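**Q** Next up is a structure, given as structure tokens.
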Amino acid sequence: MKMNKDRNRWSGRYSKVRAGAVLGMLLMAVLLLGACSGNTDSVFHTDTETTDSVSRVPWDYRVVEGTVGDLIGSDMTVLPDNELLPNDGNYATGDKIWTLQFMDAELVTDADQKNDIRLSSWATIKSYADQKAAAEDLARLKVSITTDVDLVGVYKTEYKNKTRNFAVVELPSGNRIKQPIDDKRYKALEKQKKASVVLEEVHDFADYDSAYAKFRGWAN
């Protein structure tokens with residue numbers, strides 16, 4: 001009788017030990033799977049987040065001539081596009097006016113540092129009674145400057161026995177752009193770390209201190 005009690009007691013302990021071991025193995029498996037899921041090289045990696053960097057910048061401005069159409073309350077339509085704007089200048093139907101239009105851009109940079117530019121449509125932000133005032137605002141919003149930028153490097157490509165040269169520069173915004181160059185400029189830039197370029201600074205109409213610089217050519 002005592003032997004049966006001892007056997008039952010030992011059997012119960014064994015069952016508890018075995019259950020604990022199985023639980024421990026399951027826990028270890030879960031931890032291993034968790035570790036694998038955080039490893040981008042693992043087959044268990046399911047992270048689908050994009051690494052693209054997206055930013056919106058002022059891209060361009062232009063002055064457009066128009067004619068005041070219908071007056072609608074405190075607003076007016078501007079021909080030929082029949083665009084509705086506030087009648088801030090107290091214009092009359094038929095008046096000749098000038099409008100300032102802007103375009104912004106969405107810059108998308110992927111993990112390989114390749115850039116994609118998505119331009120918006122033109123939108124009107126201000127009206128003027130004379131062209132001179134419009135041109136003065138335009139000159140303040142689009143400024144041409146000459147400066148030195150970082151030269152990432154130059155390289156050659158060959159296709160169907162034709163060789164092309166390229167230079168890669170980094171703009172003040174941090175974006176890198178590729179420009180075709182001739183043999184003479186290739187030799188001049190081949191060992192340089194900086195390059196003198198002409199940039200066009202496009203300022204944000206609502207926040208002048210915010211600007212985007214676009215490459216407009218080589219300074220020399």
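Labels used: A, B, ... for chains in the order of the structure tokens, numbers from 1 for residues in each chain, and numbers from 1 for ligands as shown.
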Residues at most 12 Å from A:Phe166, counting only C-alpha atoms, excluding those fewer than 6 positions away in the same chain, as a PyMOL selection string?

**A** chain A and resi 151-158+177-187+189-190

**Q** As number ranges by chain, please: the residues near stretch 137-146 of chain A (cut-off 8 Å, only C-alpha atoms, same-chain neighbours under 5 positions excluded).

**A** A: 60-63, 100, 196-205, 208, 219

**Q** Can you measure atom CA of A:Asp81 to atom CA of A:Phe102 for me? One decimal in Å is fine.

**A**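 Between atom CA of A:Asp81 and atom CA of A:Phe102 the gap works out to 15.4 Å.
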
**Q** Counting only C-alpha atoms, which residue out of A:Leu85, A:Val169, A:Val108, A:Val57 sits closest to A:Ile125?

**A**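 Ranked by minimum distance to A:Ile125, first place goes to A:Leu85.
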
**Q** Stretch 58-160 of chain A: which residues are alpha helix (DSSP H) by DSSP, as a list in words?

**A**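 Put together, the selection reads Gln131, Lys132, Ala133, Ala134, Ala135, Glu136, Asp137, Leu138, Ala139, Arg140 and Leu141 of chain A.
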
**Q** Can you write out the residues you just picked, keeping all heavy atoms, as a PDB file, in the first residue's frame?

**A**
ATOM      1  N   GLN A 131       1.324  95.435 -63.138  1.00  0.00           N
ATOM      2  CA  GLN A 131       2.306  94.375 -63.363  1.00  0.00           C
ATOM      3  C   GLN A 131       3.592  94.604 -62.574  1.00  0.00           C
ATOM      4  O   GLN A 131       4.249  93.657 -62.145  1.00  0.00           O
ATOM      5  CB  GLN A 131       2.612  94.268 -64.857  1.00  0.00           C
ATOM      6  CG  GLN A 131       3.473  93.083 -65.232  1.00  0.00           C
ATOM      7  CD  GLN A 131       3.660  92.976 -66.736  1.00  0.00           C
ATOM      8  OE1 GLN A 131       3.316  93.894 -67.481  1.00  0.00           O
ATOM      9  NE2 GLN A 131       4.195  91.862 -67.187  1.00  0.00           N
ATOM     10  N   LYS A 132       3.965  95.866 -62.368  1.00  0.00           N
ATOM     11  CA  LYS A 132       5.216  96.171 -61.668  1.00  0.00           C
ATOM     12  C   LYS A 132       5.204  95.636 -60.244  1.00  0.00           C
ATOM     13  O   LYS A 132       6.185  95.036 -59.786  1.00  0.00           O
ATOM     14  CB  LYS A 132       5.447  97.686 -61.647  1.00  0.00           C
ATOM     15  CG  LYS A 132       6.738  98.096 -60.963  1.00  0.00           C
ATOM     16  CD  LYS A 132       6.912  99.614 -60.950  1.00  0.00           C
ATOM     17  CE  LYS A 132       8.185 100.001 -60.206  1.00  0.00           C
ATOM     18  NZ  LYS A 132       8.353 101.488 -60.148  1.00  0.00           N
ATOM     19  N   ALA A 133       4.099  95.837 -59.519  1.00  0.00           N
ATOM     20  CA  ALA A 133       4.013  95.352 -58.138  1.00  0.00           C
ATOM     21  C   ALA A 133       4.092  93.833 -58.093  1.00  0.00           C
ATOM     22  O   ALA A 133       4.718  93.242 -57.193  1.00  0.00           O
ATOM     23  CB  ALA A 133       2.715  95.834 -57.495  1.00  0.00           C
ATOM     24  N   ALA A 134       3.472  93.183 -59.082  1.00  0.00           N
ATOM     25  CA  ALA A 134       3.523  91.719 -59.141  1.00  0.00           C
ATOM     26  C   ALA A 134       4.945  91.233 -59.397  1.00  0.00           C
ATOM     27  O   ALA A 134       5.418  90.269 -58.780  1.00  0.00           O
ATOM     28  CB  ALA A 134       2.582  91.215 -60.230  1.00  0.00           C
ATOM     29  N   ALA A 135       5.649  91.914 -60.298  1.00  0.00           N
ATOM     30  CA  ALA A 135       7.028  91.534 -60.630  1.00  0.00           C
ATOM     31  C   ALA A 135       7.958  91.726 -59.437  1.00  0.00           C
ATOM     32  O   ALA A 135       8.904  90.949 -59.234  1.00  0.00           O
ATOM     33  CB  ALA A 135       7.518  92.346 -61.822  1.00  0.00           C
ATOM     34  N   GLU A 136       7.711  92.757 -58.625  1.00  0.00           N
ATOM     35  CA  GLU A 136       8.543  92.992 -57.445  1.00  0.00           C
ATOM     36  C   GLU A 136       8.399  91.862 -56.424  1.00  0.00           C
ATOM     37  O   GLU A 136       9.385  91.413 -55.828  1.00  0.00           O
ATOM     38  CB  GLU A 136       8.172  94.338 -56.811  1.00  0.00           C
ATOM     39  CG  GLU A 136       8.635  95.544 -57.623  1.00  0.00           C
ATOM     40  CD  GLU A 136       8.128  96.859 -57.058  1.00  0.00           C
ATOM     41  OE1 GLU A 136       7.293  96.825 -56.111  1.00  0.00           O
ATOM     42  OE2 GLU A 136       8.543  97.927 -57.556  1.00  0.00           O
ATOM     43  N   ASP A 137       7.176  91.403 -56.214  1.00  0.00           N
ATOM     44  CA  ASP A 137       6.960  90.269 -55.315  1.00  0.00           C
ATOM     45  C   ASP A 137       7.618  89.004 -55.857  1.00  0.00           C
ATOM     46  O   ASP A 137       8.231  88.238 -55.114  1.00  0.00           O
ATOM     47  CB  ASP A 137       5.460  90.023 -55.118  1.00  0.00           C
ATOM     48  CG  ASP A 137       4.933  90.720 -53.878  1.00  0.00           C
ATOM     49  OD1 ASP A 137       5.719  91.433 -53.218  1.00  0.00           O
ATOM     50  OD2 ASP A 137       3.740  90.552 -53.550  1.00  0.00           O
ATOM     51  N   LEU A 138       7.499  88.807 -57.162  1.00  0.00           N
ATOM     52  CA  LEU A 138       8.093  87.628 -57.798  1.00  0.00           C
ATOM     53  C   LEU A 138       9.608  87.613 -57.620  1.00  0.00           C
ATOM     54  O   LEU A 138      10.209  86.563 -57.353  1.00  0.00           O
ATOM     55  CB  LEU A 138       7.732  87.598 -59.278  1.00  0.00           C
ATOM     56  CG  LEU A 138       8.208  86.374 -60.073  1.00  0.00           C
ATOM     57  CD1 LEU A 138       7.520  85.118 -59.574  1.00  0.00           C
ATOM     58  CD2 LEU A 138       7.940  86.576 -61.563  1.00  0.00           C
ATOM     59  N   ALA A 139      10.247  88.796 -57.752  1.00  0.00           N
ATOM     60  CA  ALA A 139      11.699  88.896 -57.608  1.00  0.00           C
ATOM     61  C   ALA A 139      12.158  88.577 -56.189  1.00  0.00           C
ATOM     62  O   ALA A 139      13.276  88.090 -55.976  1.00  0.00           O
ATOM     63  CB  ALA A 139      12.160  90.295 -58.011  1.00  0.00           C
ATOM     64  N   ARG A 140      11.308  88.857 -55.202  1.00  0.00           N
ATOM     65  CA  ARG A 140      11.669  88.546 -53.814  1.00  0.00           C
ATOM     66  C   ARG A 140      11.482  87.064 -53.494  1.00  0.00           C
ATOM     67  O   ARG A 140      12.182  86.522 -52.641  1.00  0.00           O
ATOM     68  CB  ARG A 140      10.826  89.391 -52.858  1.00  0.00           C
ATOM     69  CG  ARG A 140      11.258  90.848 -52.758  1.00  0.00           C
ATOM     70  CD  ARG A 140      10.547  91.564 -51.629  1.00  0.00           C
ATOM     71  NE  ARG A 140       9.152  91.824 -51.958  1.00  0.00           N
ATOM     72  CZ  ARG A 140       8.714  92.960 -52.484  1.00  0.00           C
ATOM     73  NH1 ARG A 140       9.569  93.930 -52.753  1.00  0.00           N
ATOM     74  NH2 ARG A 140       7.431  93.139 -52.754  1.00  0.00           N
ATOM     75  N   LEU A 141      10.569  86.429 -54.187  1.00  0.00           N
ATOM     76  CA  LEU A 141      10.257  85.022 -53.895  1.00  0.00           C
ATOM     77  C   LEU A 141      11.170  84.053 -54.637  1.00  0.00           C
ATOM     78  O   LEU A 141      11.365  82.925 -54.199  1.00  0.00           O
ATOM     79  CB  LEU A 141       8.798  84.731 -54.266  1.00  0.00           C
ATOM     80  CG  LEU A 141       7.759  85.416 -53.384  1.00  0.00           C
ATOM     81  CD1 LEU A 141       6.374  85.314 -54.015  1.00  0.00           C
ATOM     82  CD2 LEU A 141       7.758  84.803 -51.983  1.00  0.00           C
TER      83      LEU A 141
END

**Q** Quick one: residues within 8 Å of A:Trp98, only C-alpha atoms, excluding same-chain residues fewer than 6 positions away - as a VMD selection string?

**A** chain A and resid 63 to 66 127 to 131 134

**Q** Could you please take those selected residues and save C-alpha atoms as a PDB file, in the first residue's frame?

**A**
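Now in part04.pdb:
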ATOM      1  CA  VAL A  63       2.783  86.189 -62.765  1.00  0.00           C
ATOM      2  CA  VAL A  64      -0.261  85.795 -65.017  1.00  0.00           C
ATOM      3  CA  GLU A  65      -2.324  88.502 -66.706  1.00  0.00           C
ATOM      4  CA  GLY A  66      -6.091  88.239 -66.314  1.00  0.00           C
ATOM      5  CA  SER A 127      -3.924  89.784 -57.196  1.00  0.00           C
ATOM      6  CA  TYR A 128      -2.326  93.082 -58.296  1.00  0.00           C
ATOM      7  CA  ALA A 129      -3.617  96.181 -60.022  1.00  0.00           C
ATOM      8  CA  ASP A 130      -0.360  96.674 -61.963  1.00  0.00           C
ATOM      9  CA  GLN A 131       2.306  94.375 -63.363  1.00  0.00           C
ATOM     10  CA  ALA A 134       3.523  91.719 -59.141  1.00  0.00           C
TER      11      ALA A 134
END

**Q** Between atom CA of A:Gly94 and atom CA of A:Trp122, measure the distance and give it in Å to one decimal.

**A**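 Those two atoms sit 23.2 Å apart.
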
**Q** In Å, rounded to a single decimal, give me how far atom CA of A:Ser55 is from atom CA of A:Asp116.

**A**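 Distance between the two atoms: 10.9 Å.
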
**Q** Which parts of stretch 78-175 of chain A does DSSP call strand (DSSP E) when run on the backbone here, written out as a VMD selection string?

**A** chain A and resid 78 to 79 83 to 86 96 to 109 115 to 119 123 to 128 142 to 159 162 to 170

**Q** So which one's closest to A:Ala123, A:Thr163, A:Gln101, A:Thr67, A:Ser210? Using only C-alpha atoms, please.

**A**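 Among the listed residues, A:Gln101 lies closest to A:Ala123.
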
**Q** Counting only C-alpha atoms, figure out which residue out of A:Ala213, A:Pro80, A:Asp207, A:Lys194 gets nearest to A:Pro172.

**A** A:Ala213

**Q** Which of these, A:Asp95, A:Glu83, A:Gly89, A:Val54, has the shortest distance to A:Ala111 once you count only C-alpha atoms?

**A**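 Ranking A:Asp95, A:Glu83, A:Gly89, A:Val54 by distance to A:Ala111, first place goes to A:Val54.
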